[in-house]
Amino acid sequence: MSTTTDLQAALAAQTEVKQPKKLSLIAFSGDFDKLTATFTLATGAAAVGYEVNIFFTFWGLDAVKKKQGRAFVGKGFLPKLFGFFMGGPKAAPVSRLNFLGLSPKIFRYMMRKNNVATLEELIEAAKALGINLYLCEMAMHILGLEKDDFVHEVKDVLGVATFLEISEGGRTLFI
């Protein structure tokens, strides 16, 4: 067999093996618009058959906390203070032009007016679609949080290396 024929056979065999459709998202930001993008991509991909994994770290952790709104969550003074100021998806600011907290309200109004799912609806849809929700072990440790501080749909607390293993073979986006 010639080298060209071997190469053609290898390419044909490779295209026949279907890789599972997988999307992994790293939710670093707790901003309204970035969380909305994260959950829009996640629910859209899950709706068309992708395996979807979301890894919440630092401010992104706020999206899946049990206590929504301003609450003193965490162990120790500083973590509780951070927990209070973060406030969950309902208190999430817009990353630009927040206008003292008015912009998220305007966005929600425009979303409802245009029949587009709000951030809170997207989060509920992600849970209903069985999207894999993971928490960053290091960020939780720094912020004094435990798995019990989060919604029960969270699948596990992971380190970066384990999340990379789970994400292997798919696309990974950092938001």
# chains A, B, ... in the order shown; residues from 1 in each chain; ligands from 1
>>> residues_around(residues="stretch 37-53 of chain A", least_positions_apart="3", cutoff="6 Å", atoms="only C-alpha atoms", output="ChimeraX atom specification")
/A:21-24,34,122,126,131-132
>>> write_last_selection(atoms="all heavy atoms", output="PDB file, in the first residue's frame")
ATOM      1  N   LYS A  21     -20.567  14.709  21.437  1.00  0.00           N
ATOM      2  CA  LYS A  21     -20.639  16.165  21.445  1.00  0.00           C
ATOM      3  C   LYS A  21     -20.579  16.620  22.894  1.00  0.00           C
ATOM      4  O   LYS A  21     -21.413  16.234  23.698  1.00  0.00           O
ATOM      5  CB  LYS A  21     -21.914  16.633  20.757  1.00  0.00           C
ATOM      6  CG  LYS A  21     -21.944  16.257  19.273  1.00  0.00           C
ATOM      7  CD  LYS A  21     -23.103  16.872  18.538  1.00  0.00           C
ATOM      8  CE  LYS A  21     -24.417  16.257  18.958  1.00  0.00           C
ATOM      9  NZ  LYS A  21     -25.576  16.774  18.217  1.00  0.00           N
ATOM     10  N   LYS A  22     -19.563  17.425  23.194  1.00  0.00           N
ATOM     11  CA  LYS A  22     -19.341  17.830  24.576  1.00  0.00           C
ATOM     12  C   LYS A  22     -18.933  19.302  24.623  1.00  0.00           C
ATOM     13  O   LYS A  22     -18.084  19.742  23.856  1.00  0.00           O
ATOM     14  CB  LYS A  22     -18.242  16.980  25.194  1.00  0.00           C
ATOM     15  CG  LYS A  22     -18.028  17.237  26.675  1.00  0.00           C
ATOM     16  CD  LYS A  22     -16.798  16.544  27.248  1.00  0.00           C
ATOM     17  CE  LYS A  22     -16.817  15.057  27.085  1.00  0.00           C
ATOM     18  NZ  LYS A  22     -15.718  14.404  27.835  1.00  0.00           N
ATOM     19  N   LEU A  23     -19.554  20.034  25.545  1.00  0.00           N
ATOM     20  CA  LEU A  23     -19.199  21.431  25.776  1.00  0.00           C
ATOM     21  C   LEU A  23     -18.961  21.616  27.268  1.00  0.00           C
ATOM     22  O   LEU A  23     -19.808  21.254  28.084  1.00  0.00           O
ATOM     23  CB  LEU A  23     -20.322  22.370  25.313  1.00  0.00           C
ATOM     24  CG  LEU A  23     -20.094  23.861  25.575  1.00  0.00           C
ATOM     25  CD1 LEU A  23     -18.882  24.369  24.777  1.00  0.00           C
ATOM     26  CD2 LEU A  23     -21.343  24.656  25.226  1.00  0.00           C
ATOM     27  N   SER A  24     -17.806  22.157  27.601  1.00  0.00           N
ATOM     28  CA  SER A  24     -17.477  22.451  28.992  1.00  0.00           C
ATOM     29  C   SER A  24     -17.258  23.950  29.119  1.00  0.00           C
ATOM     30  O   SER A  24     -16.552  24.550  28.313  1.00  0.00           O
ATOM     31  CB  SER A  24     -16.224  21.692  29.423  1.00  0.00           C
ATOM     32  OG  SER A  24     -16.467  20.298  29.380  1.00  0.00           O
ATOM     33  N   LYS A  34     -22.557  37.848  31.713  1.00  0.00           N
ATOM     34  CA  LYS A  34     -21.673  36.701  31.502  1.00  0.00           C
ATOM     35  C   LYS A  34     -22.331  35.406  31.978  1.00  0.00           C
ATOM     36  O   LYS A  34     -22.189  34.366  31.337  1.00  0.00           O
ATOM     37  CB  LYS A  34     -20.330  36.934  32.176  1.00  0.00           C
ATOM     38  CG  LYS A  34     -19.569  38.080  31.500  1.00  0.00           C
ATOM     39  CD  LYS A  34     -18.294  38.413  32.205  1.00  0.00           C
ATOM     40  CE  LYS A  34     -17.637  39.613  31.530  1.00  0.00           C
ATOM     41  NZ  LYS A  34     -16.456  40.059  32.259  1.00  0.00           N
ATOM     42  N   LEU A 122     -33.016  30.431  32.818  1.00  0.00           N
ATOM     43  CA  LEU A 122     -31.944  29.641  32.205  1.00  0.00           C
ATOM     44  C   LEU A 122     -31.279  28.726  33.227  1.00  0.00           C
ATOM     45  O   LEU A 122     -30.949  27.574  32.922  1.00  0.00           O
ATOM     46  CB  LEU A 122     -30.896  30.561  31.561  1.00  0.00           C
ATOM     47  CG  LEU A 122     -31.342  31.293  30.299  1.00  0.00           C
ATOM     48  CD1 LEU A 122     -30.357  32.404  29.952  1.00  0.00           C
ATOM     49  CD2 LEU A 122     -31.505  30.324  29.139  1.00  0.00           C
ATOM     50  N   ALA A 126     -31.204  24.708  33.008  1.00  0.00           N
ATOM     51  CA  ALA A 126     -29.960  23.929  33.090  1.00  0.00           C
ATOM     52  C   ALA A 126     -30.122  22.767  34.073  1.00  0.00           C
ATOM     53  O   ALA A 126     -29.696  21.646  33.795  1.00  0.00           O
ATOM     54  CB  ALA A 126     -28.797  24.825  33.517  1.00  0.00           C
ATOM     55  N   ILE A 131     -27.727  19.313  33.124  1.00  0.00           N
ATOM     56  CA  ILE A 131     -26.373  19.801  32.868  1.00  0.00           C
ATOM     57  C   ILE A 131     -25.525  19.529  34.104  1.00  0.00           C
ATOM     58  O   ILE A 131     -25.968  19.708  35.234  1.00  0.00           O
ATOM     59  CB  ILE A 131     -26.411  21.303  32.512  1.00  0.00           C
ATOM     60  CG1 ILE A 131     -27.045  21.462  31.114  1.00  0.00           C
ATOM     61  CG2 ILE A 131     -25.032  21.936  32.577  1.00  0.00           C
ATOM     62  CD1 ILE A 131     -27.317  22.884  30.707  1.00  0.00           C
ATOM     63  N   ASN A 132     -24.296  19.067  33.891  1.00  0.00           N
ATOM     64  CA  ASN A 132     -23.387  18.734  34.989  1.00  0.00           C
ATOM     65  C   ASN A 132     -22.815  20.017  35.589  1.00  0.00           C
ATOM     66  O   ASN A 132     -22.103  20.753  34.912  1.00  0.00           O
ATOM     67  CB  ASN A 132     -22.247  17.842  34.501  1.00  0.00           C
ATOM     68  CG  ASN A 132     -22.763  16.540  33.941  1.00  0.00           C
ATOM     69  OD1 ASN A 132     -23.594  15.872  34.545  1.00  0.00           O
ATOM     70  ND2 ASN A 132     -22.273  16.178  32.765  1.00  0.00           N
TER      71      ASN A 132
END
>>> closest_residue(among="A:Leu119, A:Leu158, A:Ala125, A:Leu97", to="A:Glu137", atoms="only C-alpha atoms")
A:Leu158
>>> select_by_dssp(residues="stretch 84-157 of chain A", states="helix (DSSP H, G or I)", output="PyMOL selection string")
chain A and resi 84-86+89-91+99-113+119-128+137-143+147-149
>>> closest_residue(among="A:Gly101, A:Ala92, A:Val64, A:Gly169", to="A:His152", atoms="only C-alpha atoms")
A:Val64
>>> closest_residue(among="A:Leu133, A:Ile175, A:Val160, A:Leu143", to="A:Phe32", atoms="only C-alpha atoms")
A:Ile175
>>> atom_distance(atom1="atom CA of A:Met110", atom2="atom CA of A:Asp33")
13.0 Å
>>> atom_distance(atom1="atom CA of A:Ser103", atom2="atom CA of A:Ala91")
10.9 Å
>>> closest_residue(among="A:Ser29, A:Phe107, A:Pro20, A:Gly130", to="A:Val154", atoms="only C-alpha atoms")
A:Gly130
>>> closest_residue(among="A:Thr172, A:Thr162, A:Thr57, A:Asn98", to="A:Ile142", atoms="only C-alpha atoms")
A:Thr57
>>> residues_around(residues="A:Cys136", least_positions_apart="6", cutoff="10 Å", atoms="only C-alpha atoms", output="VMD selection string")
chain A and resid 26 to 28 55 to 58 60 to 61 156 to 160 163
>>> closest_residue(among="A:Ala161, A:Ile106, A:Ala63, A:Leu78", to="A:Gly30", atoms="only C-alpha atoms")
A:Ala63
